[in-house]
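*Asks:* Just dropping this structure here.
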Amino acid sequence: MKAAVYYENGGPEVLKYEDVPDPTCHPKGIVIQVAAVSIEGGDTLGRFRGMLATKPHIVGYQAAGEIIEVGSEVTDLKVGQMVVTTGNYGSHAERRAVPARNAWVIPDGFDIQKAAAIPVPFGTADDCLFEFGRMKAGEIVLVQAGASGVGVAAIQLAKRAGAKMVLATASSDERLERLKDLGMDFGINYRRDDVATEVKRLTDNHGADVIVDSVGGPTLQGSINALAYRGRVSMVGMAGREPMKVDVGSMMGGNRSLSGVFLGAEITTDRVHNNIQRLINEAARGELQVVIDRTFPLSDAAGAHAYIESRAAVGRVLLIP
Ligand SMILES: NC(=O)c1ccc[n+]([C@@H]2O[C@H](COP(=O)([O-])OP(=O)(O)OC[C@H]3O[C@@H](n4cnc5c(N)ncnc54)[C@H](OP(=O)(O)O)[C@@H]3O)[C@@H](O)[C@H]2O)c1
């Protein structure tokens, strides 16, 4: 099969399009013919500095397609079904093998490209807001990097859960403009304005009750500074690629809390597995919007990664084999 591979970490240019052996099916797994690859934030980060579990390495968490092989011990999936899958690597390819537990059935008639973009960003945003952020109706939510995959999911989920106000940050006014239809009430251009100051101004000095922060680095201290009394930050990523430096003392006076969130640690539990299937079903019914910015051919994975790193994409960029 063909795959986008690399032999060393680096910029988008390390990605090459090559022939590699087909994946084999584990007794407890499935193999899919990939129809759409969703490039996750962790994929660009992984290419930049992640471990190469294989050489050449096929990066990528998430892809959707048709099941072409089912392991002898798998009873709940069958050949011909359309599924979306996750795994530690291997999505940027014409075929991929995953444990059956890492597959979710796509409801009949639902756009496979949209389904491809759901499990990790929506499952993560949901956990950041509700499981770890304990968000309640009437609270104020701030989504850092609102135009990211996790961000566009978090804005919608917070609004739908009855947030009194949903604030989001991005690196330009144009990017913020595109988030209004998803439920963002006010946008903060962090290149121009200080986030904590703007949050306090927009909330009559209350601050944000729940913050989803997938950027990390110095942004994380800005999130803590923007918290309301008893506010909670879900720290879920390091898109900014800078070291995390936080003054823990800034949390005590306001009874504030900071939780690390890692979906991968619980993705095979019934709780997260069922949660992701529910989110897929809701999107299929049109209750959630899946924002696809652009598609590229799999052969141009380097171009797709470069486009993402240009910070122009809002929502997801897909690769089509
Ligand atoms: N812990 C978990 O379970 C989990 C799950 C999912 C994702 N993540 C992590 O969360 C982060 C975001 O994931 P995602 O899929 O939402 O990413 P994404 O769709 O690729 O978006 C990343 C966003 O981060 C912002 N950003 C800020 N500084 C950046 C920089 N130096 N380089 C590139 N982008 C920068 C950009 O928005 P602006 O230009 O508007 O700032 C960009 O849109 C990643 O670090 C990912 O690994 C973690």
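Going through the structure tokens in order, the chains are called A, B, and so on, while each chain numbers its residues from 1 and the ligands are numbered from 1 in the order shown.
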Mind running chain A against ligand 1 at 7 Å and telling me each contacting residue's nearest atom pair with the distance in Å (one decimal), counting only C-alpha atoms and all ligand atoms, chain and number ascending, as a tab-separated table?
*Replies:*
```
residue	atom	partner	partner_atom_place_in_ligand_line	distance
A:Glu40	CA	ligand 1	15 (O)	4.4
A:Gly41	CA	ligand 1	15 (O)	3.3
A:Gly42	CA	ligand 1	47 (O)	3.4
A:Leu45	CA	ligand 1	47 (O)	6.3
A:Val120	CA	ligand 1	6 (C)	5.6
A:Pro121	CA	ligand 1	6 (C)	5.4
A:Thr124	CA	ligand 1	5 (C)	5.2
A:Ala145	CA	ligand 1	37 (O)	4.7
A:Gly146	CA	ligand 1	40 (O)	6.7
A:Ala147	CA	ligand 1	43 (O)	5.3
A:Ser148	CA	ligand 1	21 (O)	3.6
A:Gly149	CA	ligand 1	19 (O)	3.7
A:Val150	CA	ligand 1	16 (O)	3.8
A:Gly151	CA	ligand 1	16 (O)	5.9
A:Thr169	CA	ligand 1	40 (O)	6.7
A:Ala170	CA	ligand 1	40 (O)	3.4
A:Ser171	CA	ligand 1	40 (O)	4.0
A:Ser172	CA	ligand 1	40 (O)	6.5
A:Arg175	CA	ligand 1	40 (O)	6.6
A:Ser214	CA	ligand 1	10 (O)	4.3
A:Val215	CA	ligand 1	27 (C)	5.4
A:Val236	CA	ligand 1	1 (N)	4.2
A:Gly237	CA	ligand 1	10 (O)	3.6
A:Met238	CA	ligand 1	45 (O)	4.0
A:Ala239	CA	ligand 1	45 (O)	3.7
A:Gly240	CA	ligand 1	28 (N)	3.6
A:Arg241	CA	ligand 1	31 (N)	5.6
A:Val261	CA	ligand 1	1 (N)	5.2
A:Phe262	CA	ligand 1	3 (O)	3.4
A:Leu263	CA	ligand 1	3 (O)	3.7
A:Gly264	CA	ligand 1	3 (O)	5.6
A:Ile308	CA	ligand 1	20 (O)	6.4
A:Glu309	CA	ligand 1	33 (C)	5.5
A:Arg311	CA	ligand 1	39 (O)	4.7
A:Ala313	CA	ligand 1	43 (O)	6.5
A:Val314	CA	ligand 1	43 (O)	6.5
A:Gly315	CA	ligand 1	19 (O)	5.8
A:Arg316	CA	ligand 1	19 (O)	6.1
```
*Asks:* Write out as a CSV table (one decimal) with N, CA, C and O atoms, in the first residue's frame each polymer residue whose atoms come within 9 Å of Ile58 in chain A, counting only C-alpha atoms; drop sequence neighbours fewer than 4 positions from it.
*Replies:*
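Contents of around.csv, freshly written:
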```
chain,number,residue,atom,x,y,z
A,3,ALA,N,1.7,5.0,1.6
A,3,ALA,CA,1.5,5.7,2.9
A,3,ALA,C,2.4,7.0,2.9
A,3,ALA,O,3.4,7.0,2.2
A,4,ALA,N,2.0,7.9,3.8
A,4,ALA,CA,2.9,9.1,4.0
A,4,ALA,C,3.8,8.7,5.2
A,4,ALA,O,3.3,8.4,6.3
A,5,VAL,N,5.1,8.7,5.0
A,5,VAL,CA,6.0,8.2,6.0
A,5,VAL,C,7.1,9.2,6.3
A,5,VAL,O,7.4,10.1,5.5
A,6,TYR,N,7.8,9.0,7.4
A,6,TYR,CA,9.1,9.8,7.6
A,6,TYR,C,10.1,8.9,8.4
A,6,TYR,O,9.7,7.9,9.0
A,52,LEU,N,9.5,7.7,17.0
A,52,LEU,CA,9.2,6.9,15.8
A,52,LEU,C,9.1,5.5,16.3
A,52,LEU,O,10.1,4.8,16.5
A,53,ALA,N,7.9,5.0,16.4
A,53,ALA,CA,7.7,3.6,16.9
A,53,ALA,C,8.1,2.6,15.8
A,53,ALA,O,8.4,1.5,16.1
A,54,THR,N,8.1,3.0,14.6
A,54,THR,CA,8.6,2.2,13.5
A,54,THR,C,9.4,3.0,12.5
A,54,THR,O,9.4,4.2,12.6
A,89,TYR,N,-0.6,5.4,16.0
A,89,TYR,CA,0.0,5.9,14.8
A,89,TYR,C,-0.6,5.0,13.7
A,89,TYR,O,-1.5,4.2,13.9
A,90,GLY,N,-0.3,5.4,12.4
A,90,GLY,CA,-0.7,4.6,11.3
A,90,GLY,C,-1.9,5.1,10.5
A,90,GLY,O,-2.3,4.4,9.5
A,91,SER,N,-2.4,6.3,10.7
A,91,SER,CA,-3.5,6.8,10.0
A,91,SER,C,-3.2,7.3,8.6
A,91,SER,O,-4.1,7.2,7.7
A,92,HIS,N,-2.0,7.8,8.4
A,92,HIS,CA,-1.7,8.4,7.1
A,92,HIS,C,-1.3,7.3,6.0
A,92,HIS,O,-0.2,7.3,5.5
A,93,ALA,N,-2.3,6.5,5.7
A,93,ALA,CA,-2.0,5.3,4.9
A,93,ALA,C,-3.3,4.9,4.1
A,93,ALA,O,-4.4,5.2,4.5
```
*Asks:* Taking 3 positions as the minimum chain separation for residues in the same chain, which residues sit within 12 Å of Ala36 in chain A when counting only C-alpha atoms? Answer as an NGL selection string.
*Replies:* :A and (32-33 or 39 or 60 or 62-66 or 82-85 or 91-96 or 111-118 or 292 or 294-298 or 316-321)
*Asks:* As a ChimeraX atom specification, which residues of range 238-318 of chain A does DSSP assign to helix (DSSP H, G or I)?
*Replies:* /A:249-252,263-265,270-284,298-309
*Asks:* Do a neighbour search on Glu139 in chain A at 9 Å with only C-alpha atoms, toss out local chain neighbours closer than 3 positions, and write the hits as number ranges by chain.
*Replies:* A: 135-136, 162-166, 208-210
*Asks:* What does the file look like for those residues with N, CA and C atoms, as a short mmCIF file (atom, residue, chain, number, x, y, z; two decimals), in the first residue's frame?
*Replies:*
```
data_model
loop_
_atom_site.label_atom_id
_atom_site.label_comp_id
_atom_site.auth_asym_id
_atom_site.auth_seq_id
_atom_site.Cartn_x
_atom_site.Cartn_y
_atom_site.Cartn_z
N MET A 135 -18.23 21.43 34.12
CA MET A 135 -19.00 22.59 33.68
C MET A 135 -20.50 22.41 33.92
N LYS A 136 -21.14 23.50 34.38
CA LYS A 136 -22.59 23.49 34.62
C LYS A 136 -23.24 24.61 33.80
N GLY A 162 -25.46 25.01 27.86
CA GLY A 162 -26.06 26.13 28.59
C GLY A 162 -25.08 27.11 29.18
N ALA A 163 -23.88 27.19 28.59
CA ALA A 163 -22.93 28.20 29.08
C ALA A 163 -23.57 29.59 28.97
N LYS A 164 -23.34 30.40 30.01
CA LYS A 164 -23.87 31.78 29.97
C LYS A 164 -23.14 32.60 28.92
N MET A 165 -21.86 32.29 28.76
CA MET A 165 -21.04 33.01 27.77
C MET A 165 -19.92 32.08 27.33
N VAL A 166 -19.68 32.02 26.00
CA VAL A 166 -18.54 31.24 25.50
C VAL A 166 -17.56 32.21 24.85
N ALA A 208 -13.40 33.40 33.91
CA ALA A 208 -13.99 32.20 33.28
C ALA A 208 -14.08 31.08 34.31
N ASP A 209 -15.23 30.42 34.34
CA ASP A 209 -15.41 29.31 35.29
C ASP A 209 -14.69 28.05 34.81
N VAL A 210 -14.72 27.83 33.49
CA VAL A 210 -14.06 26.64 32.94
C VAL A 210 -13.25 27.08 31.72
#
```
*Asks:* Set the distance at 12 Å and use only C-alpha atoms: which residues neighbour Lys200 in chain A once local chain neighbours fewer than 3 positions away are removed? I'd like the list as a list in words.
*Replies:* Ile140, Leu142, Leu167, Ile188, Asp194, Val195, Ala196, Thr197, Thr203, Asp204, Asn205, His206, Gly207, Ala208, Asp209, Gly222, Ser223, Asn225, Ala226, Leu227, Ala228 and Tyr229 of chain A
*Asks:* Write the residues of the preceding selection, restricted to N, CA, C and O atoms, as a short mmCIF file (atom, residue, chain, number, x, y, z; two decimals), in the first residue's frame.
*Replies:*
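Dumped to selection-v4.cif:
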```
data_model
loop_
_atom_site.label_atom_id
_atom_site.label_comp_id
_atom_site.auth_asym_id
_atom_site.auth_seq_id
_atom_site.Cartn_x
_atom_site.Cartn_y
_atom_site.Cartn_z
N ILE A 140 -19.38 30.51 32.69
CA ILE A 140 -18.65 31.17 31.61
C ILE A 140 -17.48 30.27 31.21
O ILE A 140 -16.73 29.80 32.08
N LEU A 142 -14.09 29.63 28.60
CA LEU A 142 -13.09 30.17 27.68
C LEU A 142 -12.41 29.00 26.97
O LEU A 142 -11.95 28.06 27.63
N LEU A 167 -16.34 32.25 25.41
CA LEU A 167 -15.28 33.09 24.88
C LEU A 167 -14.26 32.17 24.21
O LEU A 167 -14.08 31.02 24.62
N ILE A 188 -11.29 36.70 21.35
CA ILE A 188 -10.13 37.48 21.81
C ILE A 188 -8.95 37.16 20.89
O ILE A 188 -8.53 35.99 20.80
N ASP A 194 -4.30 41.15 25.69
CA ASP A 194 -3.97 40.23 26.78
C ASP A 194 -5.23 39.44 27.15
O ASP A 194 -6.29 40.03 27.42
N VAL A 195 -5.12 38.12 27.15
CA VAL A 195 -6.31 37.27 27.29
C VAL A 195 -6.99 37.46 28.64
O VAL A 195 -8.20 37.67 28.73
N ALA A 196 -6.20 37.42 29.73
CA ALA A 196 -6.81 37.52 31.07
C ALA A 196 -7.51 38.87 31.24
O ALA A 196 -8.62 38.96 31.79
N THR A 197 -6.88 39.93 30.76
CA THR A 197 -7.47 41.27 30.88
C THR A 197 -8.80 41.34 30.12
O THR A 197 -9.80 41.87 30.61
N THR A 203 -16.43 39.91 31.20
CA THR A 203 -17.26 39.19 32.17
C THR A 203 -17.52 40.01 33.44
O THR A 203 -17.85 39.45 34.49
N ASP A 204 -17.39 41.34 33.34
CA ASP A 204 -17.59 42.21 34.51
C ASP A 204 -16.72 41.77 35.68
O ASP A 204 -17.19 41.68 36.82
N ASN A 205 -15.49 41.40 35.37
CA ASN A 205 -14.50 41.01 36.38
C ASN A 205 -14.73 39.63 36.99
O ASN A 205 -14.03 39.26 37.93
N HIS A 206 -15.70 38.87 36.49
CA HIS A 206 -15.97 37.54 37.06
C HIS A 206 -14.86 36.56 36.70
O HIS A 206 -14.39 35.78 37.53
N GLY A 207 -14.43 36.58 35.42
CA GLY A 207 -13.46 35.58 34.94
C GLY A 207 -14.18 34.39 34.35
O GLY A 207 -15.42 34.36 34.28
N ALA A 208 -13.40 33.40 33.91
CA ALA A 208 -13.99 32.20 33.28
C ALA A 208 -14.08 31.08 34.31
O ALA A 208 -13.12 30.83 35.04
N ASP A 209 -15.23 30.42 34.34
CA ASP A 209 -15.41 29.31 35.29
C ASP A 209 -14.69 28.05 34.81
O ASP A 209 -14.15 27.29 35.62
N GLY A 222 -1.68 32.42 31.38
CA GLY A 222 -2.74 33.36 31.01
C GLY A 222 -4.11 32.77 31.32
O GLY A 222 -5.02 33.47 31.77
N SER A 223 -4.28 31.47 31.10
CA SER A 223 -5.56 30.82 31.42
C SER A 223 -5.82 30.89 32.92
O SER A 223 -6.92 31.25 33.35
N ASN A 225 -4.68 33.00 35.02
CA ASN A 225 -4.96 34.39 35.39
C ASN A 225 -6.38 34.81 35.02
O ASN A 225 -6.92 35.77 35.58
N ALA A 226 -6.98 34.12 34.05
CA ALA A 226 -8.32 34.49 33.57
C ALA A 226 -9.43 33.77 34.34
O ALA A 226 -10.62 33.97 34.07
N LEU A 227 -9.06 32.93 35.32
CA LEU A 227 -10.07 32.12 36.02
C LEU A 227 -10.92 32.93 36.99
O LEU A 227 -10.44 33.85 37.65
N ALA A 228 -12.16 32.52 37.13
CA ALA A 228 -13.06 33.04 38.15
C ALA A 228 -12.72 32.37 39.49
O ALA A 228 -11.93 31.41 39.54
N TYR A 229 -13.33 32.86 40.56
CA TYR A 229 -13.22 32.17 41.84
C TYR A 229 -13.74 30.73 41.67
O TYR A 229 -14.78 30.51 41.06
#
```
*Asks:* What residues in range 12-161 of chain A get the DSSP label strand (DSSP E or B)? Please answer as a PyMOL selection string.
*Replies:* chain A and resi 16-19+29-38+57+62-70+82-86+93+95-99+103-105+140-143
*Asks:* Can you tell me which residues surround Leu15 in chain A at a distance of at most 12 Å, considering only C-alpha atoms, apart from same-chain residues fewer than 5 positions away, and format the answer as a compact mmCIF listing (two decimals) with N, CA, C and O atoms, in the first residue's frame?
*Replies:*
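Saved to selection.txt:
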```
# COMPACT_ATOMS: atom_id res chain seq x y z
N ALA A 3 1.69 5.02 1.64
CA ALA A 3 1.54 5.71 2.93
C ALA A 3 2.41 6.96 2.93
O ALA A 3 3.39 7.04 2.18
N ALA A 4 2.04 7.91 3.78
CA ALA A 4 2.90 9.07 4.03
C ALA A 4 3.77 8.69 5.22
O ALA A 4 3.25 8.40 6.30
N VAL A 5 5.09 8.68 5.00
CA VAL A 5 6.02 8.19 6.04
C VAL A 5 7.12 9.21 6.28
O VAL A 5 7.35 10.09 5.47
N TYR A 6 7.81 9.03 7.43
CA TYR A 6 9.05 9.78 7.62
C TYR A 6 10.06 8.91 8.35
O TYR A 6 9.71 7.93 9.02
N TYR A 7 11.32 9.31 8.21
CA TYR A 7 12.44 8.57 8.79
C TYR A 7 13.08 9.33 9.93
O TYR A 7 13.95 8.81 10.63
N GLU A 8 12.70 10.59 10.06
CA GLU A 8 13.27 11.42 11.13
C GLU A 8 12.26 12.52 11.46
O GLU A 8 11.41 12.87 10.62
N ASN A 9 12.36 13.05 12.68
CA ASN A 9 11.49 14.17 13.07
C ASN A 9 11.89 15.41 12.30
O ASN A 9 13.01 15.54 11.84
N GLY A 10 10.92 16.34 12.20
CA GLY A 10 11.24 17.60 11.54
C GLY A 10 10.01 18.30 11.04
O GLY A 10 8.88 18.01 11.47
N ASP A 43 -0.69 14.82 15.59
CA ASP A 43 0.06 14.27 14.45
C ASP A 43 1.17 15.23 14.01
O ASP A 43 2.29 14.79 13.72
N THR A 44 0.84 16.53 13.96
CA THR A 44 1.89 17.49 13.56
C THR A 44 2.95 17.58 14.66
O THR A 44 4.14 17.65 14.39
N ARG A 47 5.06 14.40 14.43
CA ARG A 47 6.03 14.49 13.33
C ARG A 47 7.21 15.39 13.72
O ARG A 47 8.37 15.10 13.43
N PHE A 48 6.90 16.45 14.47
CA PHE A 48 7.91 17.42 14.85
C PHE A 48 8.89 16.85 15.89
O PHE A 48 10.10 16.98 15.75
N PRO A 56 10.32 2.99 8.29
CA PRO A 56 9.75 4.34 8.33
C PRO A 56 8.53 4.38 9.23
O PRO A 56 7.89 3.36 9.48
N HIS A 57 8.21 5.58 9.68
CA HIS A 57 7.10 5.75 10.60
C HIS A 57 5.89 6.32 9.86
O HIS A 57 6.02 7.26 9.09
N ILE A 58 4.71 5.72 10.12
CA ILE A 58 3.47 6.26 9.57
C ILE A 58 2.77 6.96 10.72
O ILE A 58 2.27 6.32 11.65
N VAL A 59 2.74 8.27 10.67
CA VAL A 59 2.15 9.02 11.77
C VAL A 59 0.62 8.97 11.68
O VAL A 59 0.06 8.58 10.65
N HIS A 92 -2.00 7.76 8.37
CA HIS A 92 -1.67 8.40 7.09
C HIS A 92 -1.34 7.34 6.03
O HIS A 92 -0.22 7.32 5.48
N LEU A 298 -3.60 12.14 -0.09
CA LEU A 298 -2.63 11.53 0.84
C LEU A 298 -1.20 11.73 0.32
O LEU A 298 -0.26 11.89 1.10
N SER A 299 -1.05 11.73 -1.00
CA SER A 299 0.29 11.89 -1.59
C SER A 299 0.89 13.25 -1.24
O SER A 299 2.10 13.45 -1.35
N ASP A 300 0.06 14.21 -0.84
CA ASP A 300 0.56 15.54 -0.46
C ASP A 300 0.40 15.79 1.04
O ASP A 300 0.02 16.88 1.46
N ALA A 301 0.72 14.77 1.84
CA ALA A 301 0.64 14.94 3.30
C ALA A 301 1.55 16.08 3.75
O ALA A 301 1.22 16.83 4.67
N ALA A 302 2.70 16.23 3.08
CA ALA A 302 3.63 17.31 3.45
C ALA A 302 2.95 18.66 3.26
O ALA A 302 3.05 19.56 4.11
N GLY A 303 2.24 18.82 2.15
CA GLY A 303 1.53 20.08 1.89
C GLY A 303 0.43 20.33 2.91
O GLY A 303 0.22 21.47 3.36
N ALA A 304 -0.27 19.26 3.30
CA ALA A 304 -1.35 19.40 4.28
C ALA A 304 -0.79 19.80 5.65
O ALA A 304 -1.33 20.68 6.32
N HIS A 305 0.30 19.16 6.06
CA HIS A 305 0.91 19.52 7.35
C HIS A 305 1.42 20.97 7.32
O HIS A 305 1.30 21.70 8.30
N ALA A 306 2.00 21.37 6.17
CA ALA A 306 2.51 22.75 6.06
C ALA A 306 1.34 23.73 6.13
O ALA A 306 1.45 24.79 6.76
```
*Asks:* At most 12 Å is the cut-off: for each residue in range 80-138 of chain A with any atom that close to an atom of range 246-258 of chain A, write down the nearest atom pair and the distance in Å rounded to one decimal, counting only C-alpha atoms, chain first then increasing number, as a tab-separated table.
*Replies:*
```
residue	atom	partner	partner_atom	distance
A:Cys128	CA	A:Leu258	CA	10.9
A:Phe132	CA	A:Leu258	CA	9.3
A:Gly133	CA	A:Leu258	CA	8.9
A:Arg134	CA	A:Ser257	CA	11.2
```
*Asks:* Please write the residues from the selection above to a file, keeping all heavy atoms, as a CSV table (one decimal), in the first residue's frame.
*Replies:*
```csv
chain,number,residue,atom,x,y,z
A,128,CYS,N,-12.8,17.6,28.6
A,128,CYS,CA,-12.3,18.8,29.2
A,128,CYS,C,-13.4,19.6,29.9
A,128,CYS,O,-13.2,20.2,31.0
A,128,CYS,CB,-11.6,19.7,28.2
A,128,CYS,SG,-10.0,19.0,27.6
A,132,PHE,N,-13.7,16.6,33.5
A,132,PHE,CA,-12.7,17.2,34.3
A,132,PHE,C,-12.9,18.6,34.7
A,132,PHE,O,-12.6,19.1,35.7
A,132,PHE,CB,-11.3,17.0,33.7
A,132,PHE,CG,-10.9,15.6,33.5
A,132,PHE,CD1,-11.1,14.9,32.3
A,132,PHE,CD2,-10.4,14.8,34.6
A,132,PHE,CE1,-10.8,13.5,32.2
A,132,PHE,CE2,-10.1,13.5,34.5
A,132,PHE,CZ,-10.3,12.9,33.2
A,133,GLY,N,-13.6,19.4,33.8
A,133,GLY,CA,-13.9,20.8,34.0
A,133,GLY,C,-15.2,21.0,34.8
A,133,GLY,O,-15.5,22.1,35.3
A,134,ARG,N,-16.0,19.9,35.0
A,134,ARG,CA,-17.3,19.9,35.8
A,134,ARG,C,-18.1,21.1,35.4
A,134,ARG,O,-18.7,21.8,36.3
A,134,ARG,CB,-16.9,19.9,37.3
A,134,ARG,CG,-16.0,18.8,37.7
A,134,ARG,CD,-15.8,18.7,39.2
A,134,ARG,NE,-15.3,19.9,39.8
A,134,ARG,CZ,-14.1,20.3,39.8
A,134,ARG,NH1,-13.1,19.6,39.2
A,134,ARG,NH2,-13.7,21.4,40.4
```
